[in-house]
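Have a look at input.txt; it's compact mmCIF, C-alpha atoms:
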# COMPACT_ATOMS: atom_id res chain seq x y z
CA MET A 671 -3.82 2.57 -25.79
CA PRO A 672 -0.24 1.58 -24.82
CA ALA A 673 -0.03 -0.57 -21.71
CA THR A 674 1.71 2.18 -19.75
CA GLU A 675 -1.08 4.72 -20.18
CA TRP A 676 -3.89 2.96 -18.33
CA SER A 677 -2.76 4.37 -14.98
CA LEU A 678 -3.15 7.93 -16.28
CA ASN A 679 -6.94 7.57 -16.51
CA GLN A 680 -9.02 9.31 -13.86
CA VAL A 681 -11.51 7.06 -12.10
CA ASP A 682 -14.30 8.33 -9.87
CA CYS A 683 -15.47 5.81 -7.32
CA VAL A 684 -18.91 6.60 -6.00
CA ILE A 685 -19.47 4.27 -3.11
CA GLN A 686 -22.12 4.76 -0.49
CA ASP A 687 -20.98 2.76 2.53
CA ASP A 688 -23.27 2.56 5.52
CA ASP A 689 -20.24 2.41 7.80
CA CYS A 690 -18.12 5.15 6.20
CA ASN A 691 -18.69 7.39 9.23
CA ASP A 692 -18.53 4.53 11.73
CA VAL A 693 -16.37 5.28 14.78
CA ASN A 694 -14.75 1.84 14.46
CA ALA A 695 -13.74 2.58 10.88
CA MET A 696 -12.26 5.94 11.81
CA GLU A 697 -10.36 4.40 14.73
CA ARG A 698 -8.94 1.80 12.36
CA VAL A 699 -7.86 4.56 9.95
CA GLN A 700 -5.95 6.18 12.83
CA ARG A 701 -4.25 2.85 13.63
CA ILE A 702 -3.23 2.32 10.00
CA ILE A 703 -1.71 5.78 9.45
CA PRO A 704 1.48 5.05 11.46
CA LEU A 705 1.74 1.63 9.80
CA LEU A 706 1.75 3.29 6.38
CA GLY A 707 4.50 5.61 7.62
CA LYS A 708 6.57 2.66 8.79
CA PHE A 709 5.96 0.85 5.49
CA GLU A 710 7.00 3.91 3.51
CA SER A 711 10.13 4.41 5.59
CA LEU A 712 11.24 0.79 5.20
CA ALA A 713 10.24 0.47 1.54
CA SER A 714 11.98 3.69 0.48
CA ASP A 715 15.28 2.90 2.26
CA VAL A 716 17.68 1.17 -0.13
CA LYS A 717 19.42 -0.41 2.89
CA THR A 718 16.27 -2.46 3.52
CA TYR A 719 17.02 -4.41 0.36
CA GLU A 720 20.54 -5.34 1.52
CA ASN A 721 18.80 -7.94 3.69
CA THR A 722 18.37 -10.92 1.37
CA ASP A 723 15.49 -12.19 3.54
CA VAL A 724 13.42 -9.30 2.18
CA VAL A 725 11.43 -10.50 -0.81
CA ALA A 726 11.29 -7.90 -3.58
CA THR A 727 10.43 -8.66 -7.19
CA CYS A 728 12.39 -5.55 -8.19
CA ARG A 729 15.66 -7.30 -7.27
CA ILE A 730 18.31 -7.44 -9.96
CA LEU A 731 19.01 -11.08 -9.04
CA LYS A 732 16.63 -13.16 -6.92
CA GLY A 733 18.04 -13.81 -3.47
CA GLN A 734 20.83 -11.27 -3.90
CA PRO A 735 21.22 -7.73 -2.55
CA GLY A 736 20.41 -4.88 -4.89
CA ILE A 737 17.29 -3.69 -6.64
CA SER A 738 16.58 -2.38 -10.11
CA VAL A 739 14.67 0.75 -9.08
CA ASP A 740 15.21 3.67 -6.72
CA PRO A 741 12.53 2.86 -4.13
CA ALA A 742 12.53 6.35 -2.59
CA ALA A 743 12.02 7.99 -5.99
CA LEU A 744 9.28 5.52 -6.88
CA LEU A 745 7.39 6.13 -3.65
CA ARG A 746 7.83 9.92 -3.95
CA SER A 747 6.33 9.71 -7.43
CA VAL A 748 3.44 7.57 -6.18
CA ARG A 749 2.79 9.95 -3.28
CA ASN A 750 2.84 12.87 -5.70
CA ASP A 751 0.31 11.11 -7.95
CA LEU A 752 -1.91 10.13 -5.02
CA GLY A 753 -2.00 13.54 -3.40
CA GLU A 754 -2.80 14.07 0.26
CA MET A 755 -3.79 11.14 2.44
CA PRO A 756 -7.63 11.20 2.68
CA CYS A 757 -7.91 10.52 6.41
CA LYS A 758 -11.55 11.55 6.79
CA HIS A 759 -13.17 8.99 4.50
CA PRO A 760 -12.36 5.31 5.14
CA THR A 761 -13.05 4.08 1.60
CA ASP A 762 -10.91 6.77 -0.03
CA PHE A 763 -8.23 6.10 2.57
CA SER A 764 -8.33 2.37 1.77
CA PHE A 765 -7.90 2.96 -1.96
CA TRP A 766 -5.12 5.49 -1.30
CA GLY A 767 -3.30 3.12 1.06
CA ALA A 768 -3.58 0.17 -1.33
CA ALA A 769 -2.11 2.27 -4.13
CA LEU A 770 0.81 3.24 -1.89
CA VAL A 771 1.50 -0.32 -0.73
CA ASN A 772 1.15 -1.74 -4.26
CA PRO A 773 2.77 0.97 -6.40
CA LEU A 774 3.20 0.87 -10.15
CA PRO A 775 5.76 -0.05 -11.23
CA PRO A 776 5.82 -2.60 -8.43
CA LEU A 777 8.46 -3.01 -5.78
CA GLY A 778 7.09 -6.48 -5.10
CA VAL A 779 7.46 -6.17 -1.33
CA SER A 780 3.84 -6.59 -0.29
CA PRO A 781 0.90 -8.84 -1.06
CA GLU A 782 -1.37 -7.62 -3.84
CA ILE A 783 -4.32 -6.01 -2.05
CA ARG A 784 -5.76 -3.60 -4.63
CA GLY A 785 -8.22 -6.10 -6.13
CA ARG A 786 -9.32 -7.37 -2.73
CA ILE A 787 -9.99 -3.84 -1.52
CA LEU A 788 -11.98 -3.02 -4.65
CA GLU A 789 -14.09 -6.16 -4.10
CA ALA A 790 -14.65 -5.64 -0.36
CA PRO A 791 -18.32 -5.02 0.49
CA ASN A 792 -17.81 -2.02 2.79
CA ALA A 793 -15.34 0.46 4.22
CA LEU A 794 -14.58 -1.52 7.37
CA ASN A 795 -13.70 -4.63 5.35
CA ARG A 796 -11.48 -2.50 3.10
CA LEU A 797 -9.66 -1.16 6.13
CA ILE A 798 -9.19 -4.65 7.57
CA LEU A 799 -7.63 -5.76 4.28
CA LEU A 800 -5.43 -2.68 4.10
CA GLU A 801 -4.20 -3.16 7.67
CA TRP A 802 -3.41 -6.82 6.99
CA GLY A 803 -1.55 -5.95 3.78
CA VAL A 804 0.51 -3.19 5.37
CA LYS A 805 1.45 -5.32 8.38
CA ARG A 806 2.39 -8.22 6.10
CA ALA A 807 4.52 -5.92 3.94
CA ILE A 808 6.28 -4.53 7.03
CA ARG A 809 7.16 -8.03 8.24
CA ASN A 810 8.62 -8.76 4.81
CA LEU A 811 10.57 -5.49 4.74
CA GLU A 812 11.97 -6.21 8.20
CA GLY A 813 13.05 -9.63 6.95
CA THR A 814 11.12 -11.43 9.70
CA ASP A 815 8.46 -13.04 7.48
CA PRO A 816 9.42 -13.06 3.79
CA LEU A 817 6.61 -13.19 1.25

Could the structure of this file be written out as structure tokens, please?
Amino acid sequence: MPATEWSLNQVDCVIQDDDCNDVNAMERVQRIIPLLGKFESLASDVKTYENTDVVATCRILKGQPGISVDPAALLRSVRNDLGEMPCKHPTDFSFWGAALVNPLPPLGVSPEIRGRILEAPNALNRLILLEWGVKRAIRNLEGTDPL
């Protein structure tokens, strides 16, 4: 199989979390939703990458303005592939959010959280990791705390 085709495979994750209906987990989901919106807004705006303090591996030249991809088109494609945000199930939401924050091909603007989220023992831990990753990516995209 060519290296580019692995992401086309459908994967069913059957995870039975004891805390998937936990009020704390659902409250955390609600706190993360606006953070994902802010991330998406910053990451898709080409003007964000004019700030050379923003670390992005998709830059044409390291430390210089300009990127090699259209971030808005990339994120639209990722959102299209991901479908609707699964707000009612914390584990699905965590996987969805990690895929948005760490798209393929990568923008390189956020810490890699997909593996950590897959390895997390429960939904609440996945949400904690997702929230950390999104906040860290936002700080990078704002140029206040480069990766």

Problem - Test item: residues at most 10 Å from Ile798 of chain A, all atoms listed in the file, excluding those fewer than 3 positions along its chain, as a list in words - result: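 That gives Ala695, Arg698, Val699, Ile702, Ser764, Ile787, Ala790, Ala793, Leu794, Asn795, Glu801, Trp802 and Gly803 of chain A.
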
Handout entry: Between atom CA of Glu812 of chain A and atom CA of Phe709 of chain A, distance in Å (one decimal)
Key = 9.7 Å

Handout entry: Atomic distance atom CA of Gln734 of chain A - atom CA of Thr718 of chain A, expressed in Å with one decimal
Key =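 Atom-to-atom, atom CA of Gln734 of chain A to atom CA of Thr718 of chain A, that is 12.4 Å.
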
Practice task
Considering all atoms listed in the file, state which residue in the set A:Phe765, A:Pro776, A:Arg809, A:Leu817 is at the smallest distance from Arg796 of chain A.
Solution key: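 Looking at the shortest contact to Arg796 of chain A, the residue is A:Phe765.
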
Exercise for the section: Using atom CA of Ser714 of chain A and atom CA of Val804 of chain A as the two end points, give the distance in Å to one decimal. Expected result: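 According to the coordinates, atom CA of Ser714 of chain A and atom CA of Val804 of chain A are separated by 14.2 Å.
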
Problem - Contacts of Pro756 of chain A at 12 Å (only C-alpha atoms; same-chain gap of 2+ positions) as a list in words - result: Met696, Val699, Gln700, Ile703, Leu752, Gly753, Glu754, Lys758, His759, Pro760, Thr761, Asp762, Phe763, Ser764, Phe765, Trp766 and Gly767 of chain A

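Distances to Val724 of chain A were evaluated for A:Leu788, A:Leu799, A:Val779, A:Leu770 using only C-alpha atoms, and the minimum falls at A:Val779.
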